[in-house]
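Engineer: Have a look at this one.
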Amino acid sequence: MRQLPVRMARWSARHAWRAIAGWFAFVVLCLGAGIAVGSNEATTEDFWVGEAGRAEAMATEGGLERSPTERIMIRARSGPLDMAAAGSAAQDVTERMRDLPEVESVAAPVRSKDGKVLLVSVVLNGPELEGRKNVVPLLEQTAAVGASHPDLVVEETGSPAISKGVNDQRGEDLALSERISLPVTVITLLAVFGSVIMAGVPLLLALSSIAAAIGLSMVASHLLPDAGVGMNLILLIGLAVGVDYTLFYLKREREERARAGGRLSSEALVELAAATAGRAIVISGLAVIVSTATLYLATDVIFSSLATGTILVVAVAVASSLTVLPALLVKIGHRTERLATRRAKRGRPAPTAKPETGRMFGALLRPARTRPALTLCLSVLFMLGLAAPALGLKLVDPGKDTFSRDIPAMQVYDRLTGSFPELFVKHEVVVRSTPKRAAQAERALVDLGRRAQADPLFAGGTEPAVRTSADGRISVLELAVPFPAPSAEAIESLVHLRQDHIPATVGQLPDVETGVSGDVARGRDYVAHESAKLPLVIGFLLLMTFLMTVWAFRSVVIGLVGVVLNLLSAGASLGMLVLFFQGTWAEGLLAFDSLGAIASRVPLFLVVILFGLSMDYQVFVVSRIQEARQNGMSAREAVLEGINRSAKVVTSAAIVMVTVFGAFVALHLTEMKQMGFCLAVAVLLDAVVIRLMVLPSVLLLLGERAWWPARPARGAREGFPDAAPLEKVG
């Protein structure tokens, strides 16, 4: 592996135009292949988890699966509702909807208890997740009915309309995040390089890597279905790591150029950069890929989709840094050499290299350099203090009740549940029996419905209906609950149903299998599933991070230090997440409505991604320290030299990442806000506290013991035998 980056850089440097053309041909090929095959989106079956998933599987077996349903509300624009006018509008809605091929059935209008609203329910054809694709014609017809009856308000909501609204809002949010992050990224790169061309290279490669990864993810979705979240992550992670990898490579090439003072050709300089920064990029990319792959152990379609998107975009970003980047640097280098020659002919001195570490970094490093033990203690205590709120972490599966009220369908949903509270939540009790037990099971379900009617946690007033499959083996009972899905009352009603009512009725029958599904059951079972998988994923994550670090640096101690530092960083960021988002005090500051908990997918995903991203900085900083040590410096000198030389570029990379992730705090979806906030905080803490205070303090205190069991290396460039030979220009 050590020789691979050098060999690839050597070929790219000597065949620059071929490498550049080949890269962009690869991007076009990936994107074209993805468009040609399309995305294989996850189906409802792919999301089945726990008892709720088992219940839905039984219902589907009997042809009783949940269908996508839209609700059309008709109310007066002002004053009392004119039932004659409302009835005419309802008839218009019914006729229009029945003519649509997307519609399976239209129910008779139902009047609310207060008489202010007339409701028409429309069932769409196809599975539940297809509803958001087929709902557009229904929304158009609803708008047309509203235009035909100007004295009435005719509006539509339902899971399909809400899903479409969430997708539309997510697209607008991503565009907003790009408008925020791209300008700041450009400004940061301009500040680092002072050149428009050099600043444009990282951005160009990051965007081309994202395009290639999008195409590859569409192809990969035919092996692992796309849950609809992979694209967001490709954009998020792709811009961050794509710029980071290119930035580290570019800075190393410029450093080698300044050191050579015009004595080396651009090709030789690129090979020198490949032997150091190129190798670090490969190790860092592999670390991110390996850590992210642990998400597959969660056996969850959403995490698998997130893992696939991250792995693909990181792999493509690494490939771009090893192939097209050396070619671009050679072409830019030739231009730099021509400018230097002209400057020399005019008698103008060559520009002097700026110091790697300015006053700010020097001040941040001074505590670790002068008092490492005290700095280590205070820094660790600070990080543990930030992590403390994570001990009170609560998880919730965010349902449609938590979506932004800026979505029109959610505003209508609030009005719908206000007039028809029984539509808040429905538990679905599914029973599968043998043919001889079918009649008995159906009677037990009816008894279960009566018991629920007497329970104040369930909606009363209507006789619960039982639907039965054609062969009579499978039956479904729907029980309404007049509370929103995330509420304590809705959760308690599920507990009553599973632990009290079912065991007292259908649960007593032999040869009968039961299960409860519905929005509440799905959410609770999903959280339980994730909680059960968490120890396995975290255990493998710690193990793989340790093994990757030991393999990269041949040091058990460095491996242990890396794991501990990553835990500190992840713990502190999760603590800050709980502090800001689990309560209500920061709602106005960050523009969100608190769930009273953290979205269940966020902690596991963030810990895995944070470990991968933290490895970025760990690899680049420790690589510089290892290089200085192998060049003959003492352990103390190597630490200070490595930190000094990497501080500015690591901080610049962190600014880019913090900007990209921080832009997600401006999004509407609370789950995405939480992810962006936690990632931004983690990167900031990692780059400043961990890499500039904790890491140097630990390594200074450990000295040569930090590299156990490796022996001290001596001799210039002894650690990089594959570096290119020095070549004279001309």
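To be explicit about the labels: the chains of the structure tokens are called A, B, and onward in the order shown, and within each one the residues are counted from 1, while ligands get numbers from 1 in the order they are shown.
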With a distance cut-off of 12 Å and only C-alpha atoms, select the neighbouring residues of Ala220 of chain A, excluding the residue or stretch itself and same-chain residues fewer than 2 positions from it, and output the selection as a PyMOL selection string.

Structural biologist: chain A and resi 30+33-34+37-41+213-218+222-226+230+304-305+307-309+311-312

Engineer: For Ser266 of chain A, work out the shell of residues within 8 Å, counting only C-alpha atoms and skipping chain neighbours fewer than 4 positions away, then give it as a ChimeraX atom specification.

Structural biologist: /A:270,329-330,333-334

Engineer: Nearest residue to Glu61 of chain A out of A:Arg432, A:His529, A:Arg636, A:Lys251, using only C-alpha atoms?

Structural biologist: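 Nearest to Glu61 of chain A: A:Arg432.
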
Engineer: Check the smallest atom-to-atom distance from each of A:Leu669, A:Leu328, A:Ala84, A:Leu391 to Ile197 of chain A using only C-alpha atoms, then report the winner.

Structural biologist: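 Distance minimum relative to Ile197 of chain A lands on A:Leu328.
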
Engineer: Quick one: everything within 12 Å of Asp500 of chain A, counting only C-alpha atoms, minus sequence neighbours fewer than 5 positions away in the same chain. Send it as a PDB file with all heavy atoms, in the first residue's frame.

Structural biologist:
ATOM      1  N   LEU A 448     -61.661  -7.830  21.888  1.00  0.00           N
ATOM      2  CA  LEU A 448     -60.536  -6.917  22.118  1.00  0.00           C
ATOM      3  C   LEU A 448     -60.939  -5.484  21.810  1.00  0.00           C
ATOM      4  O   LEU A 448     -60.602  -4.542  22.550  1.00  0.00           O
ATOM      5  CB  LEU A 448     -59.343  -7.338  21.252  1.00  0.00           C
ATOM      6  CG  LEU A 448     -58.145  -6.383  21.189  1.00  0.00           C
ATOM      7  CD1 LEU A 448     -57.557  -6.156  22.575  1.00  0.00           C
ATOM      8  CD2 LEU A 448     -57.077  -6.919  20.248  1.00  0.00           C
ATOM      9  N   ARG A 451     -63.020  -4.074  24.641  1.00  0.00           N
ATOM     10  CA  ARG A 451     -62.183  -3.737  25.795  1.00  0.00           C
ATOM     11  C   ARG A 451     -61.467  -2.400  25.564  1.00  0.00           C
ATOM     12  O   ARG A 451     -61.364  -1.572  26.472  1.00  0.00           O
ATOM     13  CB  ARG A 451     -61.146  -4.842  26.028  1.00  0.00           C
ATOM     14  CG  ARG A 451     -61.708  -6.104  26.653  1.00  0.00           C
ATOM     15  CD  ARG A 451     -60.622  -7.182  26.714  1.00  0.00           C
ATOM     16  NE  ARG A 451     -61.079  -8.371  27.407  1.00  0.00           N
ATOM     17  CZ  ARG A 451     -60.907  -8.605  28.710  1.00  0.00           C
ATOM     18  NH1 ARG A 451     -60.273  -7.712  29.459  1.00  0.00           N
ATOM     19  NH2 ARG A 451     -61.357  -9.713  29.267  1.00  0.00           N
ATOM     20  N   ALA A 452     -60.965  -2.206  24.367  1.00  0.00           N
ATOM     21  CA  ALA A 452     -60.267  -0.955  24.050  1.00  0.00           C
ATOM     22  C   ALA A 452     -61.211   0.237  24.121  1.00  0.00           C
ATOM     23  O   ALA A 452     -60.821   1.335  24.531  1.00  0.00           O
ATOM     24  CB  ALA A 452     -59.625  -1.051  22.675  1.00  0.00           C
ATOM     25  N   ASP A 455     -61.312   1.645  27.449  1.00  0.00           N
ATOM     26  CA  ASP A 455     -60.032   2.175  27.931  1.00  0.00           C
ATOM     27  C   ASP A 455     -59.952   3.652  27.556  1.00  0.00           C
ATOM     28  O   ASP A 455     -60.070   4.008  26.379  1.00  0.00           O
ATOM     29  CB  ASP A 455     -58.883   1.392  27.290  1.00  0.00           C
ATOM     30  CG  ASP A 455     -57.529   1.720  27.917  1.00  0.00           C
ATOM     31  OD1 ASP A 455     -57.337   2.868  28.347  1.00  0.00           O
ATOM     32  OD2 ASP A 455     -56.651   0.834  27.953  1.00  0.00           O
ATOM     33  N   GLU A 492     -48.411   4.807  25.954  1.00  0.00           N
ATOM     34  CA  GLU A 492     -49.019   4.007  27.012  1.00  0.00           C
ATOM     35  C   GLU A 492     -50.161   3.152  26.466  1.00  0.00           C
ATOM     36  O   GLU A 492     -50.378   2.021  26.910  1.00  0.00           O
ATOM     37  CB  GLU A 492     -49.532   4.923  28.126  1.00  0.00           C
ATOM     38  CG  GLU A 492     -50.000   4.161  29.365  1.00  0.00           C
ATOM     39  CD  GLU A 492     -50.464   5.081  30.478  1.00  0.00           C
ATOM     40  OE1 GLU A 492     -50.359   6.321  30.302  1.00  0.00           O
ATOM     41  OE2 GLU A 492     -50.940   4.569  31.506  1.00  0.00           O
ATOM     42  N   SER A 493     -50.888   3.680  25.490  1.00  0.00           N
ATOM     43  CA  SER A 493     -51.969   2.890  24.892  1.00  0.00           C
ATOM     44  C   SER A 493     -51.416   1.646  24.197  1.00  0.00           C
ATOM     45  O   SER A 493     -52.041   0.576  24.230  1.00  0.00           O
ATOM     46  CB  SER A 493     -52.765   3.745  23.900  1.00  0.00           C
ATOM     47  OG  SER A 493     -52.003   4.017  22.726  1.00  0.00           O
ATOM     48  N   LEU A 494     -50.256   1.777  23.576  1.00  0.00           N
ATOM     49  CA  LEU A 494     -49.618   0.609  22.949  1.00  0.00           C
ATOM     50  C   LEU A 494     -49.213  -0.416  24.006  1.00  0.00           C
ATOM     51  O   LEU A 494     -49.394  -1.628  23.814  1.00  0.00           O
ATOM     52  CB  LEU A 494     -48.397   1.059  22.143  1.00  0.00           C
ATOM     53  CG  LEU A 494     -47.559  -0.058  21.510  1.00  0.00           C
ATOM     54  CD1 LEU A 494     -48.366  -0.803  20.456  1.00  0.00           C
ATOM     55  CD2 LEU A 494     -46.274   0.496  20.911  1.00  0.00           C
ATOM     56  N   VAL A 495     -48.683   0.079  25.112  1.00  0.00           N
ATOM     57  CA  VAL A 495     -48.289  -0.824  26.209  1.00  0.00           C
ATOM     58  C   VAL A 495     -49.507  -1.567  26.745  1.00  0.00           C
ATOM     59  O   VAL A 495     -49.475  -2.787  26.961  1.00  0.00           O
ATOM     60  CB  VAL A 495     -47.581  -0.036  27.328  1.00  0.00           C
ATOM     61  CG1 VAL A 495     -47.301  -0.950  28.519  1.00  0.00           C
ATOM     62  CG2 VAL A 495     -46.286   0.572  26.811  1.00  0.00           C
ATOM     63  N   THR A 505     -57.385 -11.613  25.503  1.00  0.00           N
ATOM     64  CA  THR A 505     -58.345 -11.975  24.443  1.00  0.00           C
ATOM     65  C   THR A 505     -57.701 -12.948  23.453  1.00  0.00           C
ATOM     66  O   THR A 505     -57.603 -14.137  23.727  1.00  0.00           O
ATOM     67  CB  THR A 505     -58.846 -10.706  23.729  1.00  0.00           C
ATOM     68  OG1 THR A 505     -57.711  -9.933  23.278  1.00  0.00           O
ATOM     69  CG2 THR A 505     -59.677  -9.834  24.672  1.00  0.00           C
ATOM     70  N   VAL A 506     -57.235 -12.427  22.313  1.00  0.00           N
ATOM     71  CA  VAL A 506     -56.687 -13.321  21.282  1.00  0.00           C
ATOM     72  C   VAL A 506     -55.410 -14.013  21.745  1.00  0.00           C
ATOM     73  O   VAL A 506     -55.056 -15.084  21.228  1.00  0.00           O
ATOM     74  CB  VAL A 506     -56.405 -12.544  19.971  1.00  0.00           C
ATOM     75  CG1 VAL A 506     -57.699 -12.120  19.310  1.00  0.00           C
ATOM     76  CG2 VAL A 506     -55.521 -11.331  20.223  1.00  0.00           C
ATOM     77  N   GLY A 507     -54.719 -13.433  22.713  1.00  0.00           N
ATOM     78  CA  GLY A 507     -53.490 -14.038  23.204  1.00  0.00           C
ATOM     79  C   GLY A 507     -53.715 -15.355  23.912  1.00  0.00           C
ATOM     80  O   GLY A 507     -52.770 -16.130  24.115  1.00  0.00           O
ATOM     81  N   GLN A 508     -54.945 -15.643  24.310  1.00  0.00           N
ATOM     82  CA  GLN A 508     -55.249 -16.888  25.008  1.00  0.00           C
ATOM     83  C   GLN A 508     -55.521 -18.048  24.056  1.00  0.00           C
ATOM     84  O   GLN A 508     -55.612 -19.197  24.486  1.00  0.00           O
ATOM     85  CB  GLN A 508     -56.465 -16.688  25.927  1.00  0.00           C
ATOM     86  CG  GLN A 508     -56.210 -15.728  27.081  1.00  0.00           C
ATOM     87  CD  GLN A 508     -57.401 -15.624  28.012  1.00  0.00           C
ATOM     88  OE1 GLN A 508     -58.516 -16.023  27.675  1.00  0.00           O
ATOM     89  NE2 GLN A 508     -57.169 -15.084  29.205  1.00  0.00           N
TER      90      GLN A 508
END

Engineer: When you count only C-alpha atoms, which of these residues is closest to Pro137 of chain A: A:Leu100, A:Met73, A:Val665, A:Ala107?

Structural biologist: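 Closest residue, counting only C-alpha atoms: A:Leu100.
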
Engineer: What's the 10 Å shell around Ile625 of chain A, counting only C-alpha atoms, without same-chain residues fewer than 5 positions away, as a list in words?

Structural biologist: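 The contact residues come out as Val619, Phe620, Gln630, Asn631, Met633, Ala635, Arg636, Glu637, Ala638, Val639, Leu640, Glu641, Gly642, Ile643, Asn644, Arg645, Ser646, Pro696 and Leu699 of chain A.
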
Engineer: For the selection just defined, write its residues with C-alpha atoms to a file, as a compact mmCIF listing (two decimals), in the first residue's frame.

Structural biologist:
# COMPACT_ATOMS: atom_id res chain seq x y z
CA VAL A 619 -3.99 10.26 10.60
CA PHE A 620 -2.78 13.57 9.15
CA GLN A 630 11.69 9.07 11.36
CA ASN A 631 13.75 11.99 10.10
CA MET A 633 14.06 14.19 15.69
CA ALA A 635 10.03 12.34 20.46
CA ARG A 636 9.39 15.83 21.89
CA GLU A 637 10.75 17.63 18.83
CA ALA A 638 8.74 15.38 16.52
CA VAL A 639 5.48 16.14 18.33
CA LEU A 640 6.00 19.89 18.23
CA GLU A 641 7.20 19.82 14.63
CA GLY A 642 4.29 17.65 13.48
CA ILE A 643 1.66 19.71 15.26
CA ASN A 644 3.21 22.97 14.02
CA ARG A 645 3.22 21.83 10.41
CA SER A 646 -0.28 20.38 10.45
CA PRO A 696 0.18 16.87 21.91
CA LEU A 699 2.34 12.38 23.19

Engineer: Here is a test: counting only C-alpha atoms, which residue of A:Ala144, A:Ala16, A:Leu325, A:Leu685 is nearest to Gly242 of chain A?

Structural biologist: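 Of A:Ala144, A:Ala16, A:Leu325, A:Leu685, the one nearest Gly242 of chain A is A:Leu325, counting only C-alpha atoms.
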
Engineer: With a distance cut-off of 8 Å and only C-alpha atoms, select the neighbouring residues of segment 587-594 of chain A, excluding the residue or stretch itself and same-chain residues fewer than 2 positions from it, and output the selection as a PyMOL selection string.

Structural biologist: chain A and resi 402+581-585+596-597+665-666+668+670

Engineer: Can you tell me, as JSON, numbers by chain, which residues in segment 32-129 of chain A count as helix (DSSP H, G or I) by DSSP?

Structural biologist: {"A": [32, 33, 34, 35, 36, 37, 44, 45, 46, 47, 50, 51, 52, 53, 54, 55, 56, 57, 58, 59, 60, 61, 83, 84, 85, 86, 87, 88, 89, 90, 91, 92, 93, 94, 95, 96, 97, 98, 128, 129]}

Engineer: Looking only at the backbone, which of the residues in segment 498-579 of chain A does DSSP tag as strand (DSSP E or B), as a list in words?

Structural biologist: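 The strand (DSSP E or B) subset of segment 498-579 of chain A is Val512, Glu513, Thr514, Gly515, Val516, Ser517 and Gly518 of chain A.
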
Engineer: For a test of reading the model, state the distance in Å between atom CA of Pro408 of chain A and atom CA of Glu156 of chain A, rounded to one decimal.

Structural biologist: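 Interatomic distance, atom CA of Pro408 of chain A to atom CA of Glu156 of chain A: 9.1 Å.
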
Engineer: Would you mind listing what lies within 12 Å of segment 372-374 of chain A as an MDAnalysis selection string, with only C-alpha atoms counted and same-chain residues fewer than 4 positions away left out?

Structural biologist: chainID A and resid 365:368 378:381 636 639:640 692:703

Engineer: Please report, as CSV, each residue of segment 18-86 of chain A lying at most 8 Å from segment 427-431 of chain A, together with the nearest pair of atoms and the separation in Å rounded to one decimal; use only C-alpha atoms, and order rows by chain and ascending residue number.

Structural biologist:
residue,atom,partner,partner_atom,distance
A:Ala55,CA,A:Val430,CA,5.7
A:Glu56,CA,A:Val430,CA,7.7
A:Met58,CA,A:Val430,CA,7.0
A:Ala59,CA,A:Val430,CA,6.4

Engineer: Now that the selection is made, can you save its residues with all heavy atoms as a PDB file, in the first residue's frame?

Structural biologist:
ATOM      1  N   ALA A  55     -46.072  -7.991  12.175  1.00  0.00           N
ATOM      2  CA  ALA A  55     -47.506  -7.794  11.994  1.00  0.00           C
ATOM      3  C   ALA A  55     -47.824  -7.334  10.570  1.00  0.00           C
ATOM      4  O   ALA A  55     -48.788  -7.810   9.951  1.00  0.00           O
ATOM      5  CB  ALA A  55     -48.018  -6.773  13.009  1.00  0.00           C
ATOM      6  N   GLU A  56     -47.017  -6.427  10.037  1.00  0.00           N
ATOM      7  CA  GLU A  56     -47.258  -5.940   8.684  1.00  0.00           C
ATOM      8  C   GLU A  56     -47.016  -7.033   7.651  1.00  0.00           C
ATOM      9  O   GLU A  56     -47.682  -7.079   6.615  1.00  0.00           O
ATOM     10  CB  GLU A  56     -46.376  -4.723   8.415  1.00  0.00           C
ATOM     11  CG  GLU A  56     -46.801  -3.502   9.226  1.00  0.00           C
ATOM     12  CD  GLU A  56     -45.915  -2.292   8.974  1.00  0.00           C
ATOM     13  OE1 GLU A  56     -45.700  -1.953   7.801  1.00  0.00           O
ATOM     14  OE2 GLU A  56     -45.439  -1.698   9.949  1.00  0.00           O
ATOM     15  N   MET A  58     -47.635 -10.205   8.147  1.00  0.00           N
ATOM     16  CA  MET A  58     -48.836 -11.046   8.186  1.00  0.00           C
ATOM     17  C   MET A  58     -49.995 -10.372   7.458  1.00  0.00           C
ATOM     18  O   MET A  58     -50.739 -11.028   6.710  1.00  0.00           O
ATOM     19  CB  MET A  58     -49.213 -11.343   9.640  1.00  0.00           C
ATOM     20  CG  MET A  58     -48.245 -12.263  10.360  1.00  0.00           C
ATOM     21  SD  MET A  58     -48.877 -12.846  11.958  1.00  0.00           S
ATOM     22  CE  MET A  58     -48.940 -11.304  12.908  1.00  0.00           C
ATOM     23  N   ALA A  59     -50.173  -9.072   7.676  1.00  0.00           N
ATOM     24  CA  ALA A  59     -51.262  -8.359   7.012  1.00  0.00           C
ATOM     25  C   ALA A  59     -51.078  -8.377   5.494  1.00  0.00           C
ATOM     26  O   ALA A  59     -52.050  -8.569   4.742  1.00  0.00           O
ATOM     27  CB  ALA A  59     -51.328  -6.918   7.525  1.00  0.00           C
TER      28      ALA A  59
END

Engineer: May I ask for the distance between atom CA of Thr468 of chain A and atom CA of Pro435 of chain A, given in Å to one decimal place?

Structural biologist: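 About the pair atom CA of Thr468 of chain A and atom CA of Pro435 of chain A: they are 12.2 Å apart.
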
Engineer: I'd like the neighbourhood of Asp519 of chain A as a list of chain:residue names, where a residue qualifies if any of its atoms comes within 9 Å (using only C-alpha atoms), though same-chain residues fewer than 4 positions away should be ignored.

Structural biologist: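 What passes the distance filter is A:Gly399, A:Val425, A:Lys426, A:His427, A:Ala485, A:Gly523, A:Arg524.
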